[in-house]
file upload-v1.pdb (PDB, N, CA and C atoms)
MODEL        1
ATOM      1  N   MET Q   1      11.849   6.728  -7.029
ATOM      2  CA  MET Q   1      11.041   5.664  -6.458
ATOM      3  C   MET Q   1      10.583   6.042  -5.053
ATOM      4  N   ALA Q   2      11.499   6.530  -4.237
ATOM      5  CA  ALA Q   2      11.154   6.858  -2.852
ATOM      6  C   ALA Q   2      10.020   7.869  -2.788
ATOM      7  N   ASP Q   3      10.090   8.890  -3.606
ATOM      8  CA  ASP Q   3       9.032   9.910  -3.602
ATOM      9  C   ASP Q   3       7.692   9.323  -4.034
ATOM     10  N   LYS Q   4       7.709   8.501  -5.062
ATOM     11  CA  LYS Q   4       6.467   7.918  -5.579
ATOM     12  C   LYS Q   4       5.848   6.932  -4.599
ATOM     13  N   VAL Q   5       6.678   6.223  -3.835
ATOM     14  CA  VAL Q   5       6.179   5.232  -2.882
ATOM     15  C   VAL Q   5       5.943   5.867  -1.504
ATOM     16  N   ARG Q   6       6.394   7.113  -1.361
ATOM     17  CA  ARG Q   6       6.220   7.893  -0.121
ATOM     18  C   ARG Q   6       7.000   7.286   1.050
ATOM     19  N   VAL Q   7       8.270   6.986   0.763
ATOM     20  CA  VAL Q   7       9.197   6.511   1.792
ATOM     21  C   VAL Q   7      10.501   7.285   1.630
ATOM     22  N   THR Q   8      11.425   7.070   2.558
ATOM     23  CA  THR Q   8      12.727   7.727   2.457
ATOM     24  C   THR Q   8      13.603   7.011   1.435
ATOM     25  N   ARG Q   9      14.600   7.722   0.953
ATOM     26  CA  ARG Q   9      15.536   7.113   0.011
ATOM     27  C   ARG Q   9      16.316   5.986   0.677
ATOM     28  N   SER Q  10      16.590   6.148   1.966
ATOM     29  CA  SER Q  10      17.336   5.100   2.669
ATOM     30  C   SER Q  10      16.507   3.813   2.776
ATOM     31  N   ALA Q  11      15.176   3.941   2.853
ATOM     32  CA  ALA Q  11      14.321   2.750   2.881
ATOM     33  C   ALA Q  11      14.450   1.987   1.572
ATOM     34  N   VAL Q  12      14.397   2.695   0.467
ATOM     35  CA  VAL Q  12      14.537   2.046  -0.841
ATOM     36  C   VAL Q  12      15.924   1.413  -0.961
ATOM     37  N   ALA Q  13      16.946   2.109  -0.476
ATOM     38  CA  ALA Q  13      18.302   1.552  -0.520
ATOM     39  C   ALA Q  13      18.375   0.250   0.278
ATOM     40  N   GLN Q  14      17.702   0.193   1.409
ATOM     41  CA  GLN Q  14      17.672  -1.037   2.208
ATOM     42  C   GLN Q  14      16.999  -2.174   1.443
ATOM     43  N   TRP Q  15      15.895  -1.880   0.764
ATOM     44  CA  TRP Q  15      15.177  -2.901   0.001
ATOM     45  C   TRP Q  15      16.048  -3.473  -1.108
ATOM     46  N   GLU Q  16      16.921  -2.631  -1.670
ATOM     47  CA  GLU Q  16      17.740  -3.050  -2.800
ATOM     48  C   GLU Q  16      18.920  -3.920  -2.385
ATOM     49  N   ARG Q  17      19.302  -3.887  -1.127
ATOM     50  CA  ARG Q  17      20.438  -4.686  -0.648
ATOM     51  C   ARG Q  17      19.994  -6.123  -0.382
ATOM     52  N   ASP Q  18      20.877  -7.075  -0.691
ATOM     53  CA  ASP Q  18      20.590  -8.486  -0.418
ATOM     54  C   ASP Q  18      20.354  -8.726   1.068
ATOM     55  N   THR Q  19      21.085  -8.024   1.905
ATOM     56  CA  THR Q  19      20.964  -8.211   3.359
ATOM     57  C   THR Q  19      20.107  -7.138   4.007
ATOM     58  N   GLY Q  20      19.452  -6.317   3.203
ATOM     59  CA  GLY Q  20      18.647  -5.224   3.735
ATOM     60  C   GLY Q  20      17.270  -5.672   4.179
ATOM     61  N   THR Q  21      16.502  -4.720   4.640
ATOM     62  CA  THR Q  21      15.138  -4.994   5.083
ATOM     63  C   THR Q  21      14.228  -5.176   3.876
ATOM     64  N   ARG Q  22      13.073  -5.738   4.111
ATOM     65  CA  ARG Q  22      12.075  -5.936   3.065
ATOM     66  C   ARG Q  22      10.962  -4.910   3.257
ATOM     67  N   PRO Q  23      10.348  -4.448   2.163
ATOM     68  CA  PRO Q  23       9.254  -3.483   2.300
ATOM     69  C   PRO Q  23       8.024  -4.126   2.934
ATOM     70  N   SER Q  24       7.242  -3.309   3.611
ATOM     71  CA  SER Q  24       5.970  -3.782   4.166
ATOM     72  C   SER Q  24       5.030  -4.102   3.012
ATOM     73  N   VAL Q  25       3.943  -4.777   3.315
ATOM     74  CA  VAL Q  25       2.951  -5.112   2.291
ATOM     75  C   VAL Q  25       2.406  -3.828   1.665
ATOM     76  N   GLU Q  26       2.152  -2.839   2.500
ATOM     77  CA  GLU Q  26       1.633  -1.563   1.989
ATOM     78  C   GLU Q  26       2.627  -0.927   1.018
ATOM     79  N   ASN Q  27       3.906  -0.897   1.391
ATOM     80  CA  ASN Q  27       4.910  -0.304   0.514
ATOM     81  C   ASN Q  27       5.134  -1.155  -0.730
ATOM     82  N   LEU Q  28       5.082  -2.473  -0.597
ATOM     83  CA  LEU Q  28       5.228  -3.350  -1.759
ATOM     84  C   LEU Q  28       4.069  -3.137  -2.735
ATOM     85  N   THR Q  29       2.879  -2.888  -2.202
ATOM     86  CA  THR Q  29       1.717  -2.586  -3.039
ATOM     87  C   THR Q  29       1.954  -1.301  -3.819
ATOM     88  N   ARG Q  30       2.499  -0.302  -3.143
ATOM     89  CA  ARG Q  30       2.793   0.967  -3.825
ATOM     90  C   ARG Q  30       3.851   0.771  -4.912
ATOM     91  N   VAL Q  31       4.889  -0.021  -4.613
ATOM     92  CA  VAL Q  31       5.934  -0.298  -5.607
ATOM     93  C   VAL Q  31       5.311  -0.983  -6.825
ATOM     94  N   ALA Q  32       4.452  -1.949  -6.594
ATOM     95  CA  ALA Q  32       3.788  -2.642  -7.699
ATOM     96  C   ALA Q  32       2.977  -1.675  -8.546
ATOM     97  N   THR Q  33       2.272  -0.780  -7.896
ATOM     98  CA  THR Q  33       1.450   0.194  -8.620
ATOM     99  C   THR Q  33       2.317   1.140  -9.435
ATOM    100  N   VAL Q  34       3.371   1.659  -8.819
ATOM    101  CA  VAL Q  34       4.245   2.624  -9.482
ATOM    102  C   VAL Q  34       4.993   1.994 -10.654
ATOM    103  N   THR Q  35       5.418   0.757 -10.498
ATOM    104  CA  THR Q  35       6.225   0.102 -11.534
ATOM    105  C   THR Q  35       5.400  -0.704 -12.533
ATOM    106  N   HIS Q  36       4.100  -0.823 -12.274
ATOM    107  CA  HIS Q  36       3.205  -1.605 -13.142
ATOM    108  C   HIS Q  36       3.633  -3.068 -13.211
ATOM    109  N   VAL Q  37       4.064  -3.576 -12.066
ATOM    110  CA  VAL Q  37       4.484  -4.969 -11.945
ATOM    111  C   VAL Q  37       3.506  -5.665 -11.008
ATOM    112  N   HIS Q  38       3.198  -6.926 -11.276
ATOM    113  CA  HIS Q  38       2.277  -7.671 -10.424
ATOM    114  C   HIS Q  38       2.797  -7.778  -8.999
ATOM    115  N   PHE Q  39       1.925  -7.556  -8.040
ATOM    116  CA  PHE Q  39       2.284  -7.675  -6.626
ATOM    117  C   PHE Q  39       2.820  -9.071  -6.327
ATOM    118  N   GLU Q  40       2.138 -10.110  -6.792
ATOM    119  CA  GLU Q  40       2.566 -11.483  -6.497
ATOM    120  C   GLU Q  40       3.980 -11.733  -6.986
ATOM    121  N   TRP Q  41       4.330 -11.231  -8.156
ATOM    122  CA  TRP Q  41       5.670 -11.430  -8.682
ATOM    123  C   TRP Q  41       6.693 -10.729  -7.799
ATOM    124  N   LEU Q  42       6.383  -9.500  -7.379
ATOM    125  CA  LEU Q  42       7.302  -8.786  -6.493
ATOM    126  C   LEU Q  42       7.463  -9.499  -5.153
ATOM    127  N   ALA Q  43       6.374  -9.983  -4.615
ATOM    128  CA  ALA Q  43       6.397 -10.587  -3.280
ATOM    129  C   ALA Q  43       6.990 -11.983  -3.274
ATOM    130  N   THR Q  44       6.740 -12.751  -4.341
ATOM    131  CA  THR Q  44       7.117 -14.175  -4.310
ATOM    132  C   THR Q  44       7.992 -14.615  -5.470
ATOM    133  N   GLY Q  45       8.021 -13.837  -6.540
ATOM    134  CA  GLY Q  45       8.741 -14.247  -7.733
ATOM    135  C   GLY Q  45       7.948 -15.190  -8.611
ATOM    136  N   ARG Q  46       6.697 -15.471  -8.219
ATOM    137  CA  ARG Q  46       5.845 -16.376  -9.011
ATOM    138  C   ARG Q  46       4.908 -15.572  -9.907
ATOM    139  N   GLY Q  47       4.461 -16.239 -10.950
ATOM    140  CA  GLY Q  47       3.507 -15.618 -11.859
ATOM    141  C   GLY Q  47       4.195 -14.679 -12.826
ATOM    142  N   PRO Q  48       3.410 -14.083 -13.711
ATOM    143  CA  PRO Q  48       3.998 -13.168 -14.689
ATOM    144  C   PRO Q  48       4.443 -11.873 -14.010
ATOM    145  N   MET Q  49       5.524 -11.307 -14.522
ATOM    146  CA  MET Q  49       6.010 -10.049 -13.956
ATOM    147  C   MET Q  49       5.022  -8.918 -14.267
ATOM    148  N   LYS Q  50       4.572  -8.873 -15.498
ATOM    149  CA  LYS Q  50       3.633  -7.822 -15.912
ATOM    150  C   LYS Q  50       2.478  -8.469 -16.671
ATOM    151  N   ALA Q  51       1.335  -7.815 -16.605
ATOM    152  CA  ALA Q  51       0.175  -8.302 -17.350
ATOM    153  C   ALA Q  51       0.362  -7.970 -18.824
ATOM    154  N   SER Q  52      -0.164  -8.828 -19.675
ATOM    155  CA  SER Q  52      -0.142  -8.504 -21.096
ATOM    156  C   SER Q  52      -1.097  -7.340 -21.321
ATOM    157  N   ASP Q  53      -0.888  -6.638 -22.391
ATOM    158  CA  ASP Q  53      -1.728  -5.473 -22.678
ATOM    159  C   ASP Q  53      -3.212  -5.823 -22.700
ATOM    160  N   SER Q  54      -3.551  -7.014 -23.182
ATOM    161  CA  SER Q  54      -4.957  -7.400 -23.285
ATOM    162  C   SER Q  54      -5.566  -7.691 -21.917
ATOM    163  N   HIS Q  55      -4.736  -7.959 -20.923
ATOM    164  CA  HIS Q  55      -5.235  -8.262 -19.591
ATOM    165  C   HIS Q  55      -4.907  -7.178 -18.572
ATOM    166  N   GLN Q  56      -4.399  -6.048 -19.051
ATOM    167  CA  GLN Q  56      -3.990  -4.976 -18.144
ATOM    168  C   GLN Q  56      -5.207  -4.380 -17.454
ATOM    169  N   ALA Q  57      -5.160  -4.338 -16.142
ATOM    170  CA  ALA Q  57      -6.233  -3.728 -15.357
ATOM    171  C   ALA Q  57      -5.670  -2.536 -14.609
ATOM    172  N   ALA Q  58      -6.478  -1.523 -14.460
ATOM    173  CA  ALA Q  58      -6.050  -0.341 -13.710
ATOM    174  C   ALA Q  58      -5.898  -0.695 -12.243
ATOM    175  N   ALA Q  59      -4.949  -0.046 -11.586
ATOM    176  CA  ALA Q  59      -4.749  -0.272 -10.158
ATOM    177  C   ALA Q  59      -5.906   0.338  -9.383
ATOM    178  N   LEU Q  60      -6.262  -0.304  -8.313
ATOM    179  CA  LEU Q  60      -7.315   0.190  -7.441
ATOM    180  C   LEU Q  60      -6.753   1.322  -6.603
ATOM    181  N   THR Q  61      -7.440   2.441  -6.576
ATOM    182  CA  THR Q  61      -6.990   3.577  -5.772
ATOM    183  C   THR Q  61      -7.896   3.746  -4.569
ATOM    184  N   ILE Q  62      -7.415   4.476  -3.582
ATOM    185  CA  ILE Q  62      -8.188   4.674  -2.361
ATOM    186  C   ILE Q  62      -9.508   5.384  -2.658
ATOM    187  N   SER Q  63      -9.522   6.232  -3.687
ATOM    188  CA  SER Q  63     -10.764   6.937  -4.005
ATOM    189  C   SER Q  63     -11.836   5.984  -4.507
ATOM    190  N   GLU Q  64     -11.420   4.837  -5.043
ATOM    191  CA  GLU Q  64     -12.386   3.838  -5.488
ATOM    192  C   GLU Q  64     -12.920   3.017  -4.323
ATOM    193  N   CYS Q  65     -12.220   3.028  -3.211
ATOM    194  CA  CYS Q  65     -12.650   2.302  -2.021
ATOM    195  C   CYS Q  65     -13.536   3.167  -1.139
ATOM    196  N   ALA Q  66     -13.212   4.422  -1.052
ATOM    197  CA  ALA Q  66     -13.948   5.335  -0.188
ATOM    198  C   ALA Q  66     -15.139   5.917  -0.940
ATOM    199  N   HIS Q  67     -16.219   6.128  -0.221
ATOM    200  CA  HIS Q  67     -17.423   6.674  -0.846
ATOM    201  C   HIS Q  67     -17.428   8.187  -0.916
ATOM    202  N   ASP Q  68     -16.645   8.835  -0.068
ATOM    203  CA  ASP Q  68     -16.569  10.290  -0.088
ATOM    204  C   ASP Q  68     -15.246  10.742   0.511
ATOM    205  N   GLU Q  69     -15.038  12.049   0.543
ATOM    206  CA  GLU Q  69     -13.783  12.617   1.034
ATOM    207  C   GLU Q  69     -13.513  12.254   2.492
ATOM    208  N   LEU Q  70     -14.545  12.237   3.335
ATOM    209  CA  LEU Q  70     -14.342  11.893   4.742
ATOM    210  C   LEU Q  70     -13.859  10.460   4.906
ATOM    211  N   GLU Q  71     -14.435   9.533   4.165
ATOM    212  CA  GLU Q  71     -13.972   8.143   4.229
ATOM    213  C   GLU Q  71     -12.542   8.026   3.724
ATOM    214  N   SER Q  72     -12.222   8.750   2.687
ATOM    215  CA  SER Q  72     -10.864   8.729   2.150
ATOM    216  C   SER Q  72      -9.870   9.241   3.190
ATOM    217  N   ARG Q  73     -10.196  10.343   3.847
ATOM    218  CA  ARG Q  73      -9.325  10.890   4.887
ATOM    219  C   ARG Q  73      -9.165   9.907   6.036
ATOM    220  N   LEU Q  74     -10.254   9.257   6.416
ATOM    221  CA  LEU Q  74     -10.207   8.280   7.512
ATOM    222  C   LEU Q  74      -9.297   7.110   7.143
ATOM    223  N   LEU Q  75      -9.429   6.588   5.920
ATOM    224  CA  LEU Q  75      -8.576   5.484   5.485
ATOM    225  C   LEU Q  75      -7.102   5.875   5.482
ATOM    226  N   HIS Q  76      -6.803   7.061   4.964
ATOM    227  CA  HIS Q  76      -5.412   7.518   4.949
ATOM    228  C   HIS Q  76      -4.872   7.640   6.376
ATOM    229  N   ALA Q  77      -5.665   8.199   7.263
ATOM    230  CA  ALA Q  77      -5.213   8.404   8.644
ATOM    231  C   ALA Q  77      -5.039   7.078   9.385
ATOM    232  N   ILE Q  78      -5.997   6.183   9.254
ATOM    233  CA  ILE Q  78      -5.940   4.929  10.020
ATOM    234  C   ILE Q  78      -4.780   4.051   9.556
ATOM    235  N   ARG Q  79      -4.397   4.154   8.308
ATOM    236  CA  ARG Q  79      -3.284   3.351   7.806
ATOM    237  C   ARG Q  79      -1.938   3.803   8.362
ATOM    238  N   ARG Q  80      -1.896   4.994   8.923
ATOM    239  CA  ARG Q  80      -0.660   5.481   9.528
ATOM    240  C   ARG Q  80      -0.545   5.101  11.002
ATOM    241  N   LEU Q  81      -1.589   4.518  11.572
ATOM    242  CA  LEU Q  81      -1.596   4.162  12.992
ATOM    243  C   LEU Q  81      -0.983   2.786  13.240
ATOM    244  N   SER Q  82      -0.533   2.585  14.471
ATOM    245  CA  SER Q  82      -0.070   1.258  14.873
ATOM    246  C   SER Q  82      -1.282   0.335  14.956
ATOM    247  N   ALA Q  83      -1.037  -0.964  15.016
ATOM    248  CA  ALA Q  83      -2.128  -1.944  15.078
ATOM    249  C   ALA Q  83      -3.000  -1.716  16.308
ATOM    250  N   ILE Q  84      -2.393  -1.403  17.434
ATOM    251  CA  ILE Q  84      -3.155  -1.176  18.675
ATOM    252  C   ILE Q  84      -4.062   0.041  18.536
ATOM    253  N   LYS Q  85      -3.511   1.123  18.001
ATOM    254  CA  LYS Q  85      -4.317   2.336  17.819
ATOM    255  C   LYS Q  85      -5.419   2.115  16.788
ATOM    256  N   ARG Q  86      -5.116   1.357  15.716
ATOM    257  CA  ARG Q  86      -6.141   1.050  14.708
ATOM    258  C   ARG Q  86      -7.321   0.330  15.342
ATOM    259  N   SER Q  87      -7.010  -0.650  16.180
ATOM    260  CA  SER Q  87      -8.063  -1.405  16.853
ATOM    261  C   SER Q  87      -8.926  -0.491  17.711
ATOM    262  N   ALA Q  88      -8.294   0.412  18.450
ATOM    263  CA  ALA Q  88      -9.035   1.346  19.300
ATOM    264  C   ALA Q  88      -9.932   2.257  18.466
ATOM    265  N   VAL Q  89      -9.417   2.737  17.349
ATOM    266  CA  VAL Q  89     -10.210   3.617  16.479
ATOM    267  C   VAL Q  89     -11.403   2.861  15.912
ATOM    268  N   VAL Q  90     -11.195   1.631  15.470
ATOM    269  CA  VAL Q  90     -12.295   0.830  14.919
ATOM    270  C   VAL Q  90     -13.370   0.612  15.975
ATOM    271  N   GLN Q  91     -12.957   0.276  17.184
ATOM    272  CA  GLN Q  91     -13.928   0.078  18.265
ATOM    273  C   GLN Q  91     -14.708   1.356  18.541
ATOM    274  N   MET Q  92     -14.029   2.489  18.532
ATOM    275  CA  MET Q  92     -14.696   3.768  18.774
ATOM    276  C   MET Q  92     -15.705   4.081  17.662
ATOM    277  N   VAL Q  93     -15.303   3.880  16.423
ATOM    278  CA  VAL Q  93     -16.204   4.165  15.290
ATOM    279  C   VAL Q  93     -17.398   3.218  15.324
ATOM    280  N   GLU Q  94     -17.146   1.948  15.634
ATOM    281  CA  GLU Q  94     -18.255   0.989  15.721
ATOM    282  C   GLU Q  94     -19.219   1.375  16.839
ATOM    283  N   ALA Q  95     -18.704   1.872  17.953
ATOM    284  CA  ALA Q  95     -19.578   2.304  19.062
ATOM    285  C   ALA Q  95     -20.399   3.524  18.636
ATOM    286  N   LEU Q  96     -19.781   4.436  17.896
ATOM    287  CA  LEU Q  96     -20.518   5.603  17.436
ATOM    288  C   LEU Q  96     -21.591   5.244  16.409
ATOM    289  N   ALA Q  97     -21.369   4.177  15.665
ATOM    290  CA  ALA Q  97     -22.306   3.768  14.601
ATOM    291  C   ALA Q  97     -23.533   3.035  15.141
ATOM    292  N   ARG Q  98     -23.519   2.686  16.407
ATOM    293  CA  ARG Q  98     -24.680   1.955  16.973
ATOM    294  C   ARG Q  98     -25.862   2.842  17.132
TER     295      ARG Q  98
ENDMDL
END
call {"tool": "encode", "arguments": {"input": "upload-v1.pdb", "output": "structure tokens"}}
result
Amino acid sequence: MADKVRVTRSAVAQWERDTGTRPSVENLTRVATVTHVHFEWLATGRGPMKASDSHQAAALTISECAHDELESRLLHAIRRLSAIKRSAVVQMVEALAR
């Protein structure tokens, strides 16, 4: 699981403990994708755990969001930044786009 979600094994161990930490939204999204379980069910316990075969939809991947390799690289990089750095990068890109 840790390798597929791209976190440490100790992070997954923490998530599994009753008194442990909870995964971030980004990591919970990855867990949902890897396990084929609905995000809402993982996050809240509400709704169906898994979609029926007739309603199964493919998970959205970053390549479907990005229009080309450069956009994909930018999305991957910006998601690793802190909120403050993300804001600065967005402002810089918006200034360059004017």
call {"tool": "atom_distance", "arguments": {"input": "upload-v1.pdb", "atom1": "CA of Ala2 in chain Q", "atom2": "CA of Val31 in chain Q"}}
result
9.3 Å
call {"tool": "atom_distance", "arguments": {"input": "upload-v1.pdb", "atom1": "CA of Arg86 in chain Q", "atom2": "CA of Thr8 in chain Q"}}
result
23.5 Å
call {"tool": "axis_aligned_box", "arguments": {"input": "upload-v1.pdb", "around": "range 82-90 of chain Q", "padding_each_side": "6 Å", "output": "lines of an AutoDock Vina configuration file"}}
result
center_x = -6.7
center_y = 0.8
center_z = 16.9
size_x = 25.3
size_y = 17.6
size_z = 16.8
call {"tool": "atom_distance", "arguments": {"input": "upload-v1.pdb", "atom1": "CA of Thr21 in chain Q", "atom2": "atom C of Asp3 in chain Q"}}
result
18.5 Å
call {"tool": "closest_residue", "arguments": {"input": "upload-v1.pdb", "among": "Q:Val89, Q:Leu96, Q:Met49, Q:Leu74", "to": "Val37 in chain Q", "atoms": "only N, CA and C atoms"}}
result
Q:Met49
call {"tool": "select_by_dssp", "arguments": {"input": "upload-v1.pdb", "residues": "chain Q", "states": "helix (DSSP H, G or I)", "output": "count of residues only"}}
result
61
call {"tool": "closest_residue", "arguments": {"input": "upload-v1.pdb", "among": "Q:Arg73, Q:Val5, Q:Gly45, Q:Ala11", "to": "Thr29 in chain Q", "atoms": "all atoms listed in the file"}}
result
Q:Val5
call {"tool": "closest_residue", "arguments": {"input": "upload-v1.pdb", "among": "Q:Lys4, Q:Ala43, Q:His76, Q:His36", "to": "Arg22 in chain Q", "atoms": "only C-alpha atoms"}}
result
Q:Ala43
